[in-house]
$ cat run21.cif   # mmCIF, C-alpha atoms
data_coords
loop_
_atom_site.label_atom_id
_atom_site.label_comp_id
_atom_site.auth_asym_id
_atom_site.auth_seq_id
_atom_site.Cartn_x
_atom_site.Cartn_y
_atom_site.Cartn_z
CA MET A 1 -12.81 4.84 -20.17
CA ARG A 2 -12.26 8.55 -19.64
CA PRO A 3 -8.95 10.10 -20.77
CA ILE A 4 -8.98 12.37 -17.70
CA ALA A 5 -8.19 9.28 -15.60
CA PHE A 6 -4.72 9.15 -17.12
CA ILE A 7 -3.71 12.25 -15.17
CA THR A 8 -3.72 10.00 -12.11
CA LEU A 9 -0.45 8.50 -13.36
CA VAL A 10 1.37 11.56 -12.00
CA PHE A 11 -0.25 11.45 -8.54
CA ALA A 12 2.10 8.98 -6.84
CA PRO A 13 5.43 10.30 -8.23
CA ALA A 14 4.33 13.92 -7.58
CA ILE A 15 3.44 13.17 -3.94
CA ALA A 16 6.69 11.22 -3.52
CA LEU A 17 8.68 14.14 -4.90
CA GLY A 18 6.90 16.53 -2.56
CA MET A 19 7.63 14.30 0.43
CA TYR A 20 11.26 13.94 -0.62
CA ILE A 21 11.76 17.71 -0.88
CA TYR A 22 9.93 18.39 2.40
CA PHE A 23 11.76 15.80 4.49
CA SER A 24 15.15 16.41 2.83
CA LYS A 25 15.10 20.00 4.08
CA ARG A 26 14.47 18.83 7.65
CA ASN A 27 16.68 15.76 7.88
CA ASP A 28 20.16 14.59 6.95
CA LYS A 29 21.40 13.01 3.73
CA ALA A 30 20.95 9.44 5.04
CA PHE A 31 17.25 10.11 5.68
CA SER A 32 16.80 11.50 2.16
CA GLN A 33 18.59 8.52 0.63
CA LEU A 34 16.36 6.08 2.50
CA LEU A 35 13.29 7.93 1.24
CA MET A 36 14.43 7.36 -2.32
CA THR A 37 15.34 3.76 -1.54
CA SER A 38 11.89 3.23 -0.06
CA TYR A 39 10.23 4.51 -3.23
CA LEU A 40 12.32 2.15 -5.37
CA ALA A 41 11.67 -0.74 -2.97
CA GLY A 42 7.94 -0.19 -3.33
CA ALA A 43 8.29 -0.25 -7.10
CA ALA A 44 10.16 -3.56 -6.83
CA GLY A 45 7.29 -4.94 -4.77
CA ILE A 46 5.07 -4.88 -7.86
CA THR A 47 6.68 -8.19 -8.88
CA VAL A 48 4.53 -10.09 -6.38
CA LEU A 49 1.34 -8.53 -7.77
CA ILE A 50 2.41 -9.31 -11.33
CA LEU A 51 3.04 -12.93 -10.37
CA ALA A 52 -0.33 -13.21 -8.62
CA GLU A 53 -2.24 -11.65 -11.50
CA GLY A 54 -0.43 -13.87 -14.01
CA ILE A 55 -1.30 -17.04 -12.08
CA SER A 56 -4.87 -15.84 -11.61
CA LEU A 57 -5.25 -15.28 -15.35
CA MET A 58 -3.79 -18.69 -16.22
CA LEU A 59 -6.13 -20.47 -13.79
CA GLY A 60 -9.16 -18.53 -14.95
CA LEU A 61 -9.69 -16.94 -11.54
CA ASN A 62 -10.25 -13.53 -13.11
CA ASP A 63 -13.68 -14.77 -14.17
CA LEU A 64 -15.63 -13.36 -11.23
CA ARG A 65 -18.81 -15.38 -11.70
CA SER A 66 -19.46 -16.09 -8.03
CA LEU A 67 -19.11 -14.47 -4.62
CA LYS A 68 -16.28 -16.86 -3.74
CA ARG A 69 -14.35 -15.78 -6.84
CA ILE A 70 -14.85 -12.10 -6.00
CA LEU A 71 -13.67 -12.64 -2.43
CA PHE A 72 -10.60 -14.61 -3.55
CA PHE A 73 -9.71 -12.03 -6.17
CA SER A 74 -10.23 -9.13 -3.75
CA PHE A 75 -8.38 -10.51 -0.75
CA ILE A 76 -5.74 -12.80 -2.27
CA THR A 77 -5.01 -11.97 -5.90
CA ILE A 78 -4.97 -8.18 -5.48
CA GLY A 79 -5.07 -7.26 -1.79
CA GLY A 80 -2.86 -9.99 -0.36
CA SER A 81 -0.24 -9.97 -3.12
CA SER A 82 -0.01 -6.16 -3.17
CA GLU A 83 0.59 -5.91 0.55
CA LEU A 84 2.96 -8.88 0.59
CA GLY A 85 5.07 -7.26 -2.13
CA LYS A 86 5.32 -4.01 -0.15
CA PHE A 87 5.85 -5.85 3.14
CA ILE A 88 8.81 -7.94 1.98
CA PHE A 89 10.92 -4.96 0.94
CA PHE A 90 9.75 -2.67 3.74
CA ARG A 91 10.19 -5.16 6.59
CA TYR A 92 13.46 -6.75 5.52
CA TYR A 93 15.26 -3.89 3.78
CA ILE A 94 13.92 -0.53 5.00
CA VAL A 95 12.99 -1.14 8.66
CA PRO A 96 16.43 -2.52 9.71
CA LYS A 97 18.17 0.72 8.66
CA ASN A 98 19.45 2.85 11.53
CA VAL A 99 17.84 5.95 10.03
CA LEU A 100 14.46 4.56 11.04
CA ASN A 101 14.79 5.33 14.74
CA LYS A 102 11.31 6.57 15.65
CA PRO A 103 7.88 4.92 15.28
CA ILE A 104 6.65 7.81 13.09
CA HIS A 105 9.50 7.10 10.68
CA GLY A 106 7.95 3.71 10.05
CA ILE A 107 4.84 5.41 8.67
CA THR A 108 6.87 7.95 6.67
CA PHE A 109 8.96 5.34 4.89
CA SER A 110 5.99 3.00 4.49
CA ILE A 111 4.11 5.74 2.63
CA MET A 112 7.10 6.18 0.32
CA VAL A 113 7.10 2.44 -0.32
CA SER A 114 3.39 2.60 -1.16
CA LEU A 115 3.96 5.50 -3.56
CA GLY A 116 6.64 3.57 -5.42
CA PHE A 117 4.32 0.59 -5.59
CA SER A 118 1.33 2.70 -6.66
CA THR A 119 3.30 4.32 -9.49
CA LEU A 120 3.87 1.00 -11.24
CA ALA A 121 0.60 -0.60 -10.10
CA LEU A 122 -1.39 2.16 -11.78
CA ILE A 123 0.66 1.83 -14.98
CA LEU A 124 0.06 -1.92 -14.86
CA PHE A 125 -3.67 -1.28 -14.47
CA MET A 126 -3.69 1.10 -17.44
CA VAL A 127 -1.70 -1.25 -19.70
CA ASN A 128 -3.91 -4.15 -18.57
CA PRO A 129 -1.79 -7.20 -19.55
CA PHE A 130 -3.74 -9.50 -17.21
CA LYS A 131 -7.27 -8.40 -18.22
CA VAL A 132 -8.22 -6.98 -14.81
CA GLN A 133 -9.06 -3.46 -15.95
CA GLU A 134 -12.51 -4.56 -17.14
CA LEU A 135 -13.37 -5.75 -13.62
CA PHE A 136 -13.02 -2.32 -12.02
CA PRO A 137 -14.79 0.99 -12.68
CA PHE A 138 -11.85 2.52 -14.56
CA THR A 139 -12.09 6.20 -13.62
CA LEU A 140 -13.04 5.69 -9.97
CA TYR A 141 -10.35 3.08 -9.36
CA SER A 142 -7.71 5.25 -11.07
CA PHE A 143 -8.46 8.18 -8.78
CA VAL A 144 -8.73 6.31 -5.48
CA ILE A 145 -5.97 3.70 -5.71
CA VAL A 146 -3.11 6.06 -4.75
CA PRO A 147 -4.75 7.62 -1.65
CA ALA A 148 -6.04 4.16 -0.66
CA ASN A 149 -2.53 2.69 -0.80
CA MET A 150 -1.20 5.60 1.24
CA MET A 151 -3.73 4.84 3.97
CA PHE A 152 -2.87 1.13 3.86
CA ALA A 153 0.75 2.24 4.28
CA VAL A 154 -0.05 4.03 7.53
CA ILE A 155 -1.31 0.79 9.05
CA MET A 156 1.63 -1.26 7.79
CA GLY A 157 4.07 1.47 8.75
CA PHE A 158 2.66 1.66 12.26
CA PHE A 159 2.75 -2.05 13.07
CA VAL A 160 5.85 -3.10 11.11
CA GLY A 161 7.72 0.07 12.08
CA MET A 162 6.68 -0.25 15.72
CA ALA A 163 7.89 -3.87 15.67
CA LYS A 164 11.45 -2.53 15.63
CA PHE A 165 10.90 -1.15 19.12
CA MET A 166 9.13 -4.22 20.53
CA LYS A 167 10.30 -7.60 21.80
CA THR A 168 7.40 -9.26 19.96
CA ARG A 169 8.66 -8.16 16.55
CA PHE A 170 7.25 -11.12 14.67
CA VAL A 171 3.74 -10.62 16.06
CA PHE A 172 3.69 -6.91 15.27
CA SER A 173 5.08 -7.44 11.77
CA LEU A 174 2.62 -10.22 10.96
CA THR A 175 -0.24 -8.13 12.34
CA GLY A 176 0.75 -5.27 10.06
CA LEU A 177 0.75 -7.52 7.00
CA LEU A 178 -2.52 -9.30 7.78
CA VAL A 179 -4.50 -6.24 8.84
CA THR A 180 -3.36 -4.26 5.81
CA ALA A 181 -4.19 -7.13 3.45
CA ILE A 182 -7.66 -7.42 4.99
CA PHE A 183 -8.36 -3.71 4.61
CA HIS A 184 -7.06 -3.79 1.04
CA GLY A 185 -9.32 -6.78 0.36
CA ILE A 186 -12.39 -5.02 1.74
CA PHE A 187 -11.59 -1.99 -0.39
CA ASN A 188 -11.32 -4.15 -3.53
CA PHE A 189 -14.54 -5.99 -2.69
CA CYS A 190 -16.48 -2.73 -2.36
CA ILE A 191 -15.12 -1.49 -5.70
CA LEU A 192 -15.71 -4.76 -7.56
CA THR A 193 -19.29 -5.09 -6.31
CA SER A 194 -20.00 -1.37 -6.80
CA ASP A 195 -21.27 -1.21 -3.23
CA PHE A 196 -20.56 2.47 -2.75
CA LYS A 197 -22.59 2.77 0.45
CA LEU A 198 -20.40 0.11 2.06
CA LEU A 199 -17.33 1.79 0.56
CA SER A 200 -18.33 5.11 2.17
CA LEU A 201 -18.80 3.52 5.59
CA PHE A 202 -15.56 1.59 5.23
CA SER A 203 -13.67 4.72 4.18
CA PHE A 204 -14.92 6.72 7.15
CA GLY A 205 -14.01 4.03 9.69
CA PHE A 206 -10.70 3.42 7.94
CA MET A 207 -9.73 7.09 8.08
CA VAL A 208 -10.48 7.20 11.81
CA ILE A 209 -8.19 4.21 12.36
CA VAL A 210 -5.44 5.70 10.18
CA LEU A 211 -5.61 9.03 12.01
CA THR A 212 -5.50 7.31 15.40
CA LEU A 213 -2.48 5.19 14.50
CA GLY A 214 -0.71 8.17 12.95
CA LEU A 215 -1.13 10.25 16.09
CA LYS A 216 -0.06 7.37 18.32
CA ALA A 217 3.11 6.88 16.28
CA ALA A 218 3.82 10.62 16.27
CA TYR A 219 3.74 10.79 20.05
CA SER A 220 5.68 7.57 20.62
CA GLU A 221 9.42 7.53 21.11
CA GLY A 222 11.86 4.70 21.48
CA ASP A 223 15.20 3.20 20.62
CA PRO A 224 15.40 -0.09 18.73
CA LEU A 225 15.83 -3.05 21.04
#
$ encode --input "run21.cif" --output "structure tokens"
Amino acid sequence: MRPIAFITLVFAPAIALGMYIYFSKRNDKAFSQLLMTSYLAGAAGITVLILAEGISLMLGLNDLRSLKRILFFSFITIGGSSELGKFIFFRYYIVPKNVLNKPIHGITFSIMVSLGFSTLALILFMVNPFKVQELFPFTLYSFVIVPANMMFAVIMGFFVGMAKFMKTRFVFSLTGLLVTAIFHGIFNFCILTSDFKLLSLFSFGFMVIVLTLGLKAAYSEGDPL
């Protein structure tokens, strides 16, 4: 464990503060308030991850002695629960607000949700009450978890945010949750297995997808149906 990794604890709140200042200067008070609410909503979403990790520890599923255990831990215990926690608050509390009136806003507020989540998730990882810290390369995971969650947020923000402007809201929302959970699971699997070549390929493809969705949302307009 390297002490330098502890500086990563300031990454998420510092980025959130920067976003808040930047967007507050360019938007009204309601927009700024929803940014702060989004950050707090993301922090509240950590409860689902805590529950999943607690159950996993009680059932002995943190003992990654087989490929099946690694896959379950990667995609369900960590990836699935993390994205579900963010999704619940984002989809049912942030997205319905009138301030979110453009597809790109979905990504903006989703990133703020992810930063709130990442702030507490990283603290939880450092404190290590559920004995998961030993499963990950400490320094690497500490440095990549915040940017990774921000990229996951772009995907969720695109699909769940875009759902507000579509008749097939349920399909778009569910797609956002499932796709994000899958990407989060793949990310965890690469880290847990120390397959850095696969992680590099995954990261490159993932960034292309994130950039494409971000640009599509930026150039899309629409009023909620």
$ closest_atom_pairs --input "run21.cif" --of "region 36-85 of chain A" --to "region 135-151 of chain A" --cutoff "12 Å" --atoms "all atoms listed in the file" --output "Markdown table"
| residue | atom | partner | partner_atom | distance |
| --- | --- | --- | --- | --- |
| A:Gly42 | CA | A:Asn149 | CA | 11.1 |
| A:Leu61 | CA | A:Leu135 | CA | 12.0 |
| A:Asn62 | CA | A:Leu135 | CA | 8.4 |
| A:Asp63 | CA | A:Leu135 | CA | 9.0 |
| A:Leu64 | CA | A:Leu135 | CA | 8.3 |
| A:Arg65 | CA | A:Leu135 | CA | 11.2 |
| A:Ile70 | CA | A:Leu135 | CA | 10.0 |
| A:Phe73 | CA | A:Leu135 | CA | 10.4 |
| A:Ser74 | CA | A:Leu135 | CA | 10.9 |
| A:Ile78 | CA | A:Phe136 | CA | 11.9 |
| A:Gly79 | CA | A:Asn149 | CA | 10.3 |
| A:Ser82 | CA | A:Asn149 | CA | 9.5 |
| A:Glu83 | CA | A:Asn149 | CA | 9.2 |
$ closest_residue --input "run21.cif" --among "A:Ala121, A:Val95, A:Leu84, A:Met166" --to "Thr8 (chain A)" --atoms "all atoms listed in the file"
A:Ala121
$ resolve_selection --input "run21.cif" --expression "the PyMOL selection byres ((chain A and resi 88) around 10)" --output "JSON, numbers by chain"
{"A": [41, 42, 44, 45, 48, 83, 84, 85, 86, 87, 89, 90, 91, 92, 93, 94, 177]}
$ resolve_selection --input "run21.cif" --expression "the PyMOL selection byres ((chain A and resi 131) around 10)" --output "number ranges by chain"
A: 53-54, 57, 62-63, 125, 127-130, 132-135
$ resolve_selection --input "run21.cif" --expression "the PyMOL selection byres ((chain A and resi 167-174) around 10)" --output "list of chain:residue names"
A:Phe87, A:Arg91, A:Met156, A:Gly157, A:Phe158, A:Phe159, A:Val160, A:Gly161, A:Met162, A:Ala163, A:Lys164, A:Phe165, A:Met166, A:Thr175, A:Gly176, A:Leu177, A:Leu178, A:Val179, A:Thr180, A:Pro224, A:Leu225
$ atom_distance --input "run21.cif" --atom1 "CA of Phe189 (chain A)" --atom2 "CA of Pro13 (chain A)"
26.4 Å
$ atom_distance --input "run21.cif" --atom1 "CA of Phe196 (chain A)" --atom2 "CA of His184 (chain A)"
15.4 Å
